[in-house]
>>> print(open('query35.txt').read())   # compact mmCIF, C-alpha atoms
# COMPACT_ATOMS: atom_id res chain seq x y z
CA MET A 206 -31.71 -17.26 -1.64
CA LYS A 207 -34.58 -18.47 -3.77
CA ALA A 208 -36.02 -15.09 -4.72
CA LEU A 209 -32.60 -13.97 -5.92
CA LYS A 210 -32.07 -17.02 -8.15
CA GLU A 211 -35.52 -16.46 -9.62
CA ARG A 212 -34.72 -12.82 -10.24
CA ILE A 213 -31.43 -13.67 -11.92
CA ILE A 214 -33.20 -16.19 -14.15
CA ALA A 215 -35.94 -13.68 -14.99
CA ASP A 216 -33.82 -10.56 -15.49
CA GLY A 217 -30.17 -11.60 -15.70
CA VAL A 218 -28.48 -11.83 -19.07
CA ALA A 219 -25.79 -14.44 -19.69
CA ILE A 220 -22.95 -13.27 -21.93
CA GLY A 221 -20.51 -15.91 -23.10
CA THR A 222 -19.43 -18.30 -20.37
CA GLU A 223 -18.21 -15.81 -17.76
CA ILE A 224 -20.55 -12.83 -17.47
CA VAL A 225 -24.01 -12.38 -16.04
CA LYS A 226 -25.50 -8.94 -16.41
CA VAL A 227 -27.84 -7.90 -13.63
CA ASP A 228 -27.92 -4.23 -14.47
CA SER A 229 -31.71 -4.03 -14.41
CA PHE A 230 -31.93 -4.52 -10.65
CA LEU A 231 -28.51 -4.66 -8.98
CA ASN A 232 -25.70 -2.58 -10.44
CA HIS A 233 -26.95 0.09 -12.79
CA GLN A 234 -30.67 0.36 -12.21
CA ILE A 235 -31.37 -0.64 -8.61
CA ASP A 236 -34.53 -2.26 -7.28
CA VAL A 237 -34.34 -0.90 -3.74
CA ALA A 238 -37.22 -3.02 -2.41
CA PHE A 239 -35.44 -6.13 -3.64
CA LEU A 240 -32.16 -4.92 -2.14
CA ASP A 241 -34.00 -4.68 1.14
CA GLU A 242 -34.69 -8.43 0.98
CA ILE A 243 -31.02 -8.98 0.18
CA GLY A 244 -30.04 -6.90 3.20
CA GLN A 245 -32.27 -8.95 5.46
CA GLU A 246 -30.73 -12.15 4.14
CA PHE A 247 -27.19 -10.89 4.85
CA ALA A 248 -28.29 -9.96 8.37
CA LYS A 249 -29.56 -13.51 8.87
CA ARG A 250 -26.35 -15.08 7.55
CA PHE A 251 -24.05 -12.94 9.71
CA ARG A 252 -26.26 -12.74 12.79
CA GLY A 253 -24.61 -12.48 16.20
CA MET A 254 -21.18 -11.67 14.83
CA GLU A 255 -20.93 -8.27 16.49
CA ILE A 256 -20.16 -6.50 13.26
CA SER A 257 -19.28 -2.85 13.81
CA LYS A 258 -18.84 -1.66 10.23
CA ILE A 259 -19.52 -2.67 6.63
CA LEU A 260 -16.79 -2.20 4.04
CA THR A 261 -17.50 -2.22 0.33
CA VAL A 262 -15.91 -0.75 -2.78
CA GLU A 263 -17.35 1.83 -5.12
CA ALA A 264 -19.58 1.83 -7.02
CA SER A 265 -21.89 -1.19 -7.19
CA GLY A 266 -21.37 -2.29 -3.60
CA ILE A 267 -22.55 0.98 -2.07
CA ALA A 268 -26.28 0.42 -2.50
CA ILE A 269 -26.06 -3.10 -1.10
CA ALA A 270 -23.98 -2.04 1.89
CA CYS A 271 -26.19 0.93 2.78
CA ILE A 272 -29.44 -0.98 2.62
CA THR A 273 -27.94 -3.92 4.52
CA ALA A 274 -26.56 -1.68 7.28
CA LYS A 275 -30.10 -0.99 8.46
CA TYR A 276 -30.41 -4.64 9.48
CA PHE A 277 -27.24 -4.44 11.53
CA GLY A 278 -28.57 -1.57 13.65
CA ASN A 279 -27.48 1.19 11.27
CA ILE A 280 -23.76 0.55 11.65
CA PRO A 281 -21.54 2.79 9.49
CA VAL A 282 -20.77 1.89 5.91
CA LEU A 283 -17.33 2.62 4.53
CA PHE A 284 -16.72 2.44 0.82
CA ALA A 285 -13.22 2.07 -0.55
CA LYS A 286 -12.44 4.58 -3.28
CA LYS A 287 -10.80 3.74 -6.56
CA ALA A 288 -9.51 7.22 -7.28
CA SER A 289 -7.87 9.93 -5.28
CA PRO A 290 -9.63 13.26 -5.70
CA ASN A 291 -7.76 16.24 -4.37
CA THR A 292 -10.12 16.49 -1.40
CA MET A 293 -8.48 13.40 0.12
CA THR A 294 -5.55 14.79 1.98
CA GLU A 295 -4.99 12.54 4.95
CA ASP A 296 -3.46 9.11 5.20
CA PHE A 297 -4.91 6.05 3.54
CA TYR A 298 -4.62 2.31 3.57
CA ASN A 299 -4.06 1.18 -0.02
CA ALA A 300 -4.51 -2.18 -1.73
CA GLU A 301 -4.34 -3.38 -5.32
CA VAL A 302 -7.39 -4.84 -7.01
CA LYS A 303 -7.58 -6.39 -10.45
CA SER A 304 -10.86 -5.74 -12.21
CA PHE A 305 -12.21 -8.74 -14.07
CA THR A 306 -14.73 -6.73 -16.08
CA LYS A 307 -12.41 -3.87 -16.97
CA GLY A 308 -9.13 -5.73 -17.39
CA THR A 309 -7.26 -3.22 -15.24
CA VAL A 310 -5.41 -3.02 -11.93
CA SER A 311 -6.56 -0.25 -9.64
CA ILE A 312 -5.75 0.96 -6.16
CA VAL A 313 -8.53 0.93 -3.60
CA ARG A 314 -8.09 3.05 -0.54
CA VAL A 315 -9.78 3.97 2.68
CA SER A 316 -8.95 6.80 5.02
CA LYS A 317 -7.06 5.49 8.04
CA LYS A 318 -9.32 7.35 10.43
CA PHE A 319 -12.33 5.19 9.53
CA LEU A 320 -10.88 1.77 10.39
CA SER A 321 -9.56 0.95 13.84
CA PRO A 322 -8.32 -2.19 15.62
CA ASP A 323 -11.64 -2.29 17.50
CA ASP A 324 -13.64 -2.79 14.30
CA ARG A 325 -15.19 -6.10 13.29
CA VAL A 326 -15.80 -5.57 9.60
CA LEU A 327 -18.18 -7.25 7.18
CA ILE A 328 -17.04 -7.06 3.56
CA LEU A 329 -19.93 -6.82 1.08
CA ASP A 330 -20.02 -6.66 -2.69
CA ASP A 331 -22.32 -7.40 -5.59
CA PHE A 332 -20.20 -10.10 -7.24
CA LEU A 333 -17.64 -12.58 -6.00
CA ALA A 334 -15.78 -13.73 -9.10
CA HIS A 335 -12.00 -14.12 -8.91
CA GLY A 336 -12.09 -12.64 -5.43
CA GLU A 337 -9.74 -9.77 -6.15
CA ALA A 338 -11.94 -7.03 -4.69
CA ALA A 339 -12.57 -9.04 -1.52
CA HIS A 340 -8.85 -9.74 -1.14
CA GLY A 341 -8.11 -6.07 -1.56
CA MET A 342 -10.66 -5.09 1.05
CA ALA A 343 -9.41 -7.76 3.45
CA ASP A 344 -5.94 -6.30 2.97
CA LEU A 345 -7.20 -2.81 3.92
CA ILE A 346 -8.83 -4.19 7.09
CA ARG A 347 -5.69 -6.11 8.06
CA GLN A 348 -3.56 -3.00 7.62
CA ALA A 349 -5.83 -1.26 10.14
CA GLY A 350 -5.44 -4.14 12.58
CA ALA A 351 -9.20 -4.66 12.51
CA LYS A 352 -11.03 -8.01 12.40
CA ILE A 353 -12.62 -9.43 9.28
CA ALA A 354 -15.97 -10.81 10.41
CA GLY A 355 -16.90 -12.23 7.05
CA ILE A 356 -17.39 -11.68 3.35
CA GLY A 357 -20.81 -11.45 1.75
CA ALA A 358 -21.55 -11.46 -1.96
CA VAL A 359 -24.89 -11.17 -3.65
CA ILE A 360 -23.79 -13.40 -6.54
CA GLU A 361 -20.83 -15.79 -6.53
CA LYS A 362 -19.51 -17.11 -9.80
CA GLN A 363 -18.11 -20.32 -8.38
CA PHE A 364 -16.32 -21.32 -11.60
CA GLN A 365 -13.99 -18.32 -11.27
CA GLY A 366 -12.59 -19.67 -8.01
CA GLY A 367 -12.57 -16.56 -5.83
CA GLY A 368 -14.92 -17.99 -3.19
CA LYS A 369 -12.90 -21.21 -2.93
CA ARG A 370 -9.66 -19.32 -2.45
CA LEU A 371 -11.15 -17.05 0.22
CA ARG A 372 -12.69 -20.00 2.12
CA GLU A 373 -9.37 -21.87 1.98
CA LYS A 374 -7.78 -18.88 3.67
CA GLY A 375 -10.26 -19.29 6.51
CA PHE A 376 -12.69 -16.51 5.68
CA LEU A 377 -16.39 -16.97 6.32
CA VAL A 378 -17.90 -16.37 2.89
CA GLU A 379 -21.65 -16.16 2.33
CA SER A 380 -23.00 -15.83 -1.19
CA LEU A 381 -26.73 -15.42 -1.70
CA ALA A 382 -26.72 -17.07 -5.13
CA VAL A 383 -23.95 -19.31 -6.41
CA ILE A 384 -23.55 -19.77 -10.16
CA GLU A 385 -21.83 -23.00 -11.16
CA SER A 386 -21.60 -22.32 -14.86
CA ILE A 387 -22.91 -20.25 -17.73
CA GLN A 388 -23.49 -22.18 -20.93
CA ASN A 389 -25.38 -21.38 -24.12
CA GLY A 390 -27.09 -18.43 -22.53
CA LYS A 391 -28.19 -20.51 -19.54
CA ILE A 392 -27.23 -19.71 -15.95
CA ASN A 393 -26.74 -22.86 -13.88
CA PHE A 394 -26.91 -22.49 -10.11
CA LEU A 395 -25.22 -24.66 -7.52
CA LYS A 396 -27.84 -27.07 -6.18
CA MET B 175 -32.26 21.31 7.06
CA LYS B 176 -31.09 22.21 10.54
CA ALA B 177 -29.70 18.80 11.53
CA LEU B 178 -27.60 18.76 8.37
CA LYS B 179 -26.08 22.19 9.00
CA GLU B 180 -25.27 21.14 12.55
CA ARG B 181 -23.67 17.96 11.28
CA ILE B 182 -21.59 19.85 8.72
CA ILE B 183 -20.41 22.25 11.43
CA ALA B 184 -19.61 19.37 13.78
CA ASP B 185 -17.98 16.96 11.33
CA GLY B 186 -17.26 18.83 8.11
CA VAL B 187 -13.75 20.06 7.39
CA ALA B 188 -13.22 23.28 5.46
CA ILE B 189 -10.23 23.24 3.11
CA GLY B 190 -9.22 26.54 1.58
CA THR B 191 -12.15 28.58 0.28
CA GLU B 192 -13.78 26.01 -1.99
CA ILE B 193 -13.87 22.58 -0.38
CA VAL B 194 -15.84 21.07 2.48
CA LYS B 195 -14.99 17.51 3.36
CA VAL B 196 -17.89 15.48 4.70
CA ASP B 197 -16.26 12.09 4.32
CA SER B 198 -17.05 11.01 7.87
CA PHE B 199 -20.78 10.75 7.22
CA LEU B 200 -21.70 11.37 3.57
CA ASN B 201 -19.26 10.31 0.88
CA HIS B 202 -16.65 7.89 2.20
CA GLN B 203 -17.92 6.67 5.53
CA ILE B 204 -21.71 6.80 5.47
CA ASP B 205 -24.01 7.36 8.43
CA VAL B 206 -27.02 5.48 7.12
CA ALA B 207 -29.37 6.59 9.90
CA PHE B 208 -28.55 10.20 9.09
CA LEU B 209 -29.01 9.53 5.37
CA ASP B 210 -32.45 8.27 6.26
CA GLU B 211 -33.32 11.71 7.63
CA ILE B 212 -31.92 13.24 4.44
CA GLY B 213 -34.10 10.92 2.37
CA GLN B 214 -37.19 11.97 4.29
CA GLU B 215 -36.35 15.62 3.73
CA PHE B 216 -35.99 15.12 -0.03
CA ALA B 217 -39.34 13.33 -0.04
CA LYS B 218 -40.91 16.32 1.68
CA ARG B 219 -39.36 18.80 -0.76
CA PHE B 220 -40.44 16.91 -3.87
CA ARG B 221 -43.78 15.64 -2.58
CA GLY B 222 -46.61 15.13 -5.06
CA MET B 223 -44.42 15.43 -8.13
CA GLU B 224 -45.16 11.91 -9.41
CA ILE B 225 -41.50 11.01 -9.64
CA SER B 226 -40.99 7.61 -11.28
CA LYS B 227 -37.23 7.24 -11.01
CA ILE B 228 -34.19 8.70 -9.26
CA LEU B 229 -31.04 9.35 -11.28
CA THR B 230 -27.67 9.89 -9.67
CA VAL B 231 -24.06 9.42 -10.67
CA GLU B 232 -21.54 7.04 -9.19
CA ALA B 233 -20.20 6.86 -6.59
CA SER B 234 -21.21 9.24 -3.78
CA GLY B 235 -24.76 9.77 -5.00
CA ILE B 236 -25.72 6.10 -4.86
CA ALA B 237 -26.20 5.85 -1.10
CA ILE B 238 -28.30 9.02 -1.01
CA ALA B 239 -30.45 7.94 -3.95
CA CYS B 240 -31.09 4.42 -2.61
CA ILE B 241 -32.05 5.53 0.88
CA THR B 242 -34.23 8.34 -0.49
CA ALA B 243 -36.04 6.01 -2.92
CA LYS B 244 -37.74 4.32 0.01
CA TYR B 245 -39.62 7.55 0.74
CA PHE B 246 -40.87 7.71 -2.85
CA GLY B 247 -42.49 4.29 -2.64
CA ASN B 248 -39.37 2.33 -3.58
CA ILE B 249 -39.10 3.74 -7.09
CA PRO B 250 -36.08 2.50 -9.07
CA VAL B 251 -32.71 4.19 -8.72
CA LEU B 252 -30.52 4.53 -11.78
CA PHE B 253 -26.91 5.53 -11.39
CA ALA B 254 -24.97 6.93 -14.30
CA LYS B 255 -21.63 5.20 -14.82
CA LYS B 256 -18.38 7.00 -15.38
CA ALA B 257 -16.62 4.13 -17.08
CA SER B 258 -17.56 1.59 -19.67
CA PRO B 259 -16.74 -1.92 -18.50
CA ASN B 260 -16.92 -4.60 -21.14
CA THR B 261 -20.17 -5.94 -19.69
CA MET B 262 -22.00 -2.90 -21.05
CA THR B 263 -22.82 -3.89 -24.56
CA GLU B 264 -26.04 -2.17 -25.44
CA ASP B 265 -26.76 1.42 -26.33
CA PHE B 266 -26.21 4.31 -23.97
CA TYR B 267 -27.03 7.93 -23.56
CA ASN B 268 -23.77 9.81 -22.99
CA ALA B 269 -23.01 13.20 -21.52
CA GLU B 270 -19.85 15.07 -20.56
CA VAL B 271 -19.22 16.03 -16.95
CA LYS B 272 -16.34 18.12 -15.64
CA SER B 273 -15.19 17.08 -12.20
CA PHE B 274 -14.40 19.96 -9.90
CA THR B 275 -12.54 17.83 -7.37
CA LYS B 276 -10.58 15.79 -9.89
CA GLY B 277 -9.92 18.39 -12.55
CA THR B 278 -10.99 16.04 -15.33
CA VAL B 279 -13.71 15.65 -17.93
CA SER B 280 -15.49 12.34 -17.93
CA ILE B 281 -18.34 10.74 -19.79
CA VAL B 282 -21.36 9.65 -17.80
CA ARG B 283 -23.70 7.19 -19.35
CA VAL B 284 -26.88 5.32 -18.74
CA SER B 285 -28.28 2.40 -20.61
CA LYS B 286 -31.06 3.53 -22.95
CA LYS B 287 -33.36 0.79 -21.74
CA PHE B 288 -33.65 2.33 -18.26
CA LEU B 289 -34.94 5.78 -19.23
CA SER B 290 -38.14 6.22 -21.21
CA PRO B 291 -40.31 9.20 -22.27
CA ASP B 292 -42.80 8.17 -19.57
CA ASP B 293 -40.28 8.77 -16.77
CA ARG B 294 -40.40 11.76 -14.45
CA VAL B 295 -36.92 11.79 -13.03
CA LEU B 296 -35.50 13.29 -9.84
CA ILE B 297 -31.77 14.03 -10.05
CA LEU B 298 -29.95 13.58 -6.72
CA ASP B 299 -26.35 14.10 -5.72
CA ASP B 300 -24.26 14.80 -2.66
CA PHE B 301 -22.88 18.18 -3.78
CA LEU B 302 -24.09 20.91 -6.07
CA ALA B 303 -21.02 23.00 -6.84
CA HIS B 304 -20.53 24.22 -10.41
CA GLY B 305 -23.51 22.13 -11.47
CA GLU B 306 -21.66 20.07 -14.05
CA ALA B 307 -22.88 16.68 -12.83
CA ALA B 308 -26.48 17.88 -12.67
CA HIS B 309 -26.23 19.34 -16.17
CA GLY B 310 -24.82 16.06 -17.44
CA MET B 311 -27.62 14.07 -15.84
CA ALA B 312 -30.25 16.49 -17.16
CA ASP B 313 -28.75 15.97 -20.60
CA LEU B 314 -29.09 12.17 -20.28
CA ILE B 315 -32.75 12.55 -19.26
CA ARG B 316 -33.48 14.93 -22.15
CA GLN B 317 -31.89 12.52 -24.63
CA ALA B 318 -34.34 9.88 -23.41
CA GLY B 319 -37.26 12.27 -23.90
CA ALA B 320 -38.09 11.91 -20.20
CA LYS B 321 -39.16 14.71 -17.83
CA ILE B 322 -36.84 16.28 -15.26
CA ALA B 323 -38.94 16.61 -12.11
CA GLY B 324 -36.25 18.37 -10.12
CA ILE B 325 -32.71 18.40 -8.83
CA GLY B 326 -31.85 17.68 -5.20
CA ALA B 327 -28.48 18.20 -3.57
CA VAL B 328 -27.51 17.47 -0.01
CA ILE B 329 -25.05 20.38 0.06
CA GLU B 330 -25.02 23.33 -2.33
CA LYS B 331 -21.92 25.50 -2.52
CA GLN B 332 -23.74 28.63 -3.62
CA PHE B 333 -20.55 30.59 -4.32
CA GLN B 334 -19.67 28.20 -7.17
CA GLY B 335 -22.80 29.21 -9.05
CA GLY B 336 -24.15 25.86 -10.22
CA GLY B 337 -27.46 26.20 -8.38
CA LYS B 338 -28.04 29.67 -9.77
CA ARG B 339 -27.36 28.56 -13.34
CA LEU B 340 -29.70 25.56 -13.00
CA ARG B 341 -32.50 27.67 -11.48
CA GLU B 342 -32.11 30.24 -14.26
CA LYS B 343 -32.71 27.45 -16.75
CA GLY B 344 -36.00 26.74 -15.01
CA PHE B 345 -35.07 23.68 -13.01
CA LEU B 346 -36.56 23.15 -9.57
CA VAL B 347 -33.47 22.86 -7.37
CA GLU B 348 -33.68 21.89 -3.71
CA SER B 349 -30.53 21.90 -1.58
CA LEU B 350 -30.74 20.75 2.01
CA ALA B 351 -27.86 22.94 3.16
CA VAL B 352 -26.58 25.97 1.25
CA ILE B 353 -23.05 27.18 1.90
CA GLU B 354 -22.50 30.83 1.11
CA SER B 355 -18.77 30.93 1.70
CA ILE B 356 -15.83 29.14 3.28
CA GLN B 357 -13.34 31.45 4.98
CA ASN B 358 -10.54 30.85 7.44
CA GLY B 359 -11.72 27.33 8.13
CA LYS B 360 -15.26 28.50 8.80
CA ILE B 361 -18.29 27.32 6.85
CA ASN B 362 -20.89 30.07 6.43
CA PHE B 363 -24.40 28.98 5.56
CA LEU B 364 -27.03 30.98 3.71
CA LYS B 365 -29.40 32.43 6.31
>>> encode(input="query35.txt", output="structure tokens")
Amino acid sequence: MKALKERIIADGVAIGTEIVKVDSFLNHQIDVAFLDEIGQEFAKRFRGMEISKILTVEASGIAIACITAKYFGNIPVLFAKKASPNTMTEDFYNAEVKSFTKGTVSIVRVSKKFLSPDDRVLILDDFLAHGEAAHGMADLIRQAGAKIAGIGAVIEKQFQGGGKRLREKGFLVESLAVIESIQNGKINFLK
Amino acid sequence: MKALKERIIADGVAIGTEIVKVDSFLNHQIDVAFLDEIGQEFAKRFRGMEISKILTVEASGIAIACITAKYFGNIPVLFAKKASPNTMTEDFYNAEVKSFTKGTVSIVRVSKKFLSPDDRVLILDDFLAHGEAAHGMADLIRQAGAKIAGIGAVIEKQFQGGGKRLREKGFLVESLAVIESIQNGKINFLK
């Protein structure tokens, strides 16, 4: 997605060789008009796949999933939670997710009542790095007996291997911008 | 907001005398078409106030803020973060927030570069209970020298007093549904 690459070049900040900060428009401050373009692009990439629900994980994925849902006929968005507040009393599907940015392992969970075997679920997130969050979400969907329609990421960091591993497992993975490497403050995209 | 009260009665679950679960449409699974109506209602309530930015706090507020932003001319959304991943390297405004549902105190923070004295900020969140999150966000905005245009909540639990305390401090508070009490599994709205 050309406009996204241009935006990353204009506003993204490369840190070391592994991190690109896009907190000015994607995951801290959010440019909702630009997210709308991102949502339309996801709808194009996953067109005709009879997706019934979008699954993401808190917090950064929520904005992307909600704005994208409009272009899938306002299907429900479900966001996996990382914590368990005392208002969550019913049964959950649980999966482990390592966080690359935080260096921790957390549990993500969704209430069992919101995923059913009839669902065809699109997994969406801001970044696809090592693929841990996507694997965790796929695990939640499998536990529910639902179908995984595909995995969409706004930005894939190819050099961290998550996309490759997910594609090798047979998942349809669509990333709107694919970063090949980050070197000397420069972000190099896959041609 | 009549449609919201009806939805809470239809799909909300009262737990004890303090908690209403609305996880089927607002803060776990999200009904984006319904959120669109909520966004339009917030736009009506805060019309003409020259709001330049919406501030919310992760995670449940993000969907509401992003869908509402469309009705304020796609102004930027900023969501305060509860954690500090190692990608956040610059300076932050910090504020303490007690969590009613989790029984914890956390720090919420926003990057200094995304709030300026020129901003007129609308605070949005899913619930207004004891008002701790709203106070924390107001504190972040004050630290930036920005203006607080108002505070919007989808659901106010009046009996927990947060709305009253915020209004007494002079804030304009708009809640789309106000719950007076929860008794014997019944949710009683303010007339």
>>> closest_atom_pairs(input="query35.txt", of="chain B", to="chain A", cutoff="8 Å", atoms="all atoms listed in the file", output="tab-separated table")
residue	atom	partner	partner_atom	distance
B:Ile193	CA	A:Thr292	CA	7.2
B:Lys195	CA	A:Thr292	CA	6.9
B:Ser198	CA	A:Phe319	CA	7.7
B:His202	CA	A:Phe284	CA	5.6
B:Gln203	CA	A:Leu283	CA	4.2
B:Ile204	CA	A:Val282	CA	5.0
B:Asp205	CA	A:Pro281	CA	5.3
B:Val206	CA	A:Asn279	CA	6.0
B:Ala207	CA	A:Asn279	CA	5.9
B:Glu232	CA	A:Ala264	CA	6.0
B:Ala233	CA	A:Ala264	CA	5.1
B:Ile236	CA	A:Ala268	CA	6.2
B:Ala237	CA	A:Ala268	CA	5.6
B:Cys240	CA	A:Ala268	CA	6.3
B:Ile241	CA	A:Ile272	CA	7.2
B:Ala243	CA	A:Val237	CA	7.2
B:Lys244	CA	A:Val237	CA	7.3
B:Asn248	CA	A:Ala238	CA	5.9
B:Ile249	CA	A:Val237	CA	7.4
B:Pro250	CA	A:Asp236	CA	5.3
B:Val251	CA	A:Ile235	CA	5.0
B:Leu252	CA	A:Gln234	CA	4.2
B:Phe253	CA	A:His233	CA	5.6
B:Ala254	CA	A:His233	CA	7.3
B:Lys255	CA	A:His233	CA	7.7
B:Ser258	CA	A:Lys307	CA	8.0
B:Pro259	CA	A:Lys307	CA	5.0
B:Asn260	CA	A:Thr306	CA	5.9
B:Thr261	CA	A:Thr306	CA	6.6
B:Thr275	CA	A:Pro290	CA	5.7
B:Lys276	CA	A:Pro290	CA	5.0
B:Val284	CA	A:His233	CA	7.9
B:Phe288	CA	A:Gln234	CA	7.0
>>> write_last_selection(input="query35.txt", atoms="C-alpha atoms", output="mmCIF file, keeping the file's coordinate frame")
data_model
loop_
_atom_site.group_PDB
_atom_site.id
_atom_site.type_symbol
_atom_site.label_atom_id
_atom_site.label_comp_id
_atom_site.auth_asym_id
_atom_site.auth_seq_id
_atom_site.Cartn_x
_atom_site.Cartn_y
_atom_site.Cartn_z
ATOM 1 C CA ILE B 193 -13.870 22.580 -0.380
ATOM 2 C CA LYS B 195 -14.990 17.510 3.360
ATOM 3 C CA SER B 198 -17.050 11.010 7.870
ATOM 4 C CA HIS B 202 -16.650 7.890 2.200
ATOM 5 C CA GLN B 203 -17.920 6.670 5.530
ATOM 6 C CA ILE B 204 -21.710 6.800 5.470
ATOM 7 C CA ASP B 205 -24.010 7.360 8.430
ATOM 8 C CA VAL B 206 -27.020 5.480 7.120
ATOM 9 C CA ALA B 207 -29.370 6.590 9.900
ATOM 10 C CA GLU B 232 -21.540 7.040 -9.190
ATOM 11 C CA ALA B 233 -20.200 6.860 -6.590
ATOM 12 C CA ILE B 236 -25.720 6.100 -4.860
ATOM 13 C CA ALA B 237 -26.200 5.850 -1.100
ATOM 14 C CA CYS B 240 -31.090 4.420 -2.610
ATOM 15 C CA ILE B 241 -32.050 5.530 0.880
ATOM 16 C CA ALA B 243 -36.040 6.010 -2.920
ATOM 17 C CA LYS B 244 -37.740 4.320 0.010
ATOM 18 C CA ASN B 248 -39.370 2.330 -3.580
ATOM 19 C CA ILE B 249 -39.100 3.740 -7.090
ATOM 20 C CA PRO B 250 -36.080 2.500 -9.070
ATOM 21 C CA VAL B 251 -32.710 4.190 -8.720
ATOM 22 C CA LEU B 252 -30.520 4.530 -11.780
ATOM 23 C CA PHE B 253 -26.910 5.530 -11.390
ATOM 24 C CA ALA B 254 -24.970 6.930 -14.300
ATOM 25 C CA LYS B 255 -21.630 5.200 -14.820
ATOM 26 C CA SER B 258 -17.560 1.590 -19.670
ATOM 27 C CA PRO B 259 -16.740 -1.920 -18.500
ATOM 28 C CA ASN B 260 -16.920 -4.600 -21.140
ATOM 29 C CA THR B 261 -20.170 -5.940 -19.690
ATOM 30 C CA THR B 275 -12.540 17.830 -7.370
ATOM 31 C CA LYS B 276 -10.580 15.790 -9.890
ATOM 32 C CA VAL B 284 -26.880 5.320 -18.740
ATOM 33 C CA PHE B 288 -33.650 2.330 -18.260
#
>>> atom_distance(input="query35.txt", atom1="atom CA of A:Ile256", atom2="atom CA of B:Glu211")
23.2 Å
>>> residues_around(input="query35.txt", residues="B:Met311", least_positions_apart="6", cutoff="10 Å", atoms="only C-alpha atoms", output="list of chain:residue names")
B:Leu229, B:Thr230, B:Val231, B:Phe253, B:Ala254, B:Tyr267, B:Asn268, B:Ala269, B:Glu270, B:Val271, B:Val282, B:Arg283, B:Val284, B:Val295, B:Leu296, B:Ile297, B:Leu298, B:Gln317, B:Ile322, B:Ile325
>>> atom_distance(input="query35.txt", atom1="atom CA of B:Ala320", atom2="atom CA of A:Asp216")
23.4 Å
>>> residues_around(input="query35.txt", residues="A:Gln388", least_positions_apart="4", cutoff="8 Å", atoms="only C-alpha atoms", output="list in words")
Gly221, Thr222, Ile392 and Asn393 of chain A
>>> atom_distance(input="query35.txt", atom1="atom CA of B:Val328", atom2="atom CA of B:Phe301")
6.0 Å
>>> closest_residue(input="query35.txt", among="A:Lys317, A:Met206, A:Lys396, A:Gly368", to="A:Gly244", atoms="all atoms listed in the file")
A:Met206
>>> closest_residue(input="query35.txt", among="B:Glu224, B:Glu354, B:Asp299, B:Glu215", to="B:Phe333", atoms="only C-alpha atoms")
B:Glu354
>>> residues_near_point(input="query35.txt", point="(-23.0, -17.6, -7.9)", cutoff="7 Å", atoms="all atoms listed in the file", output="count of residues only")
10
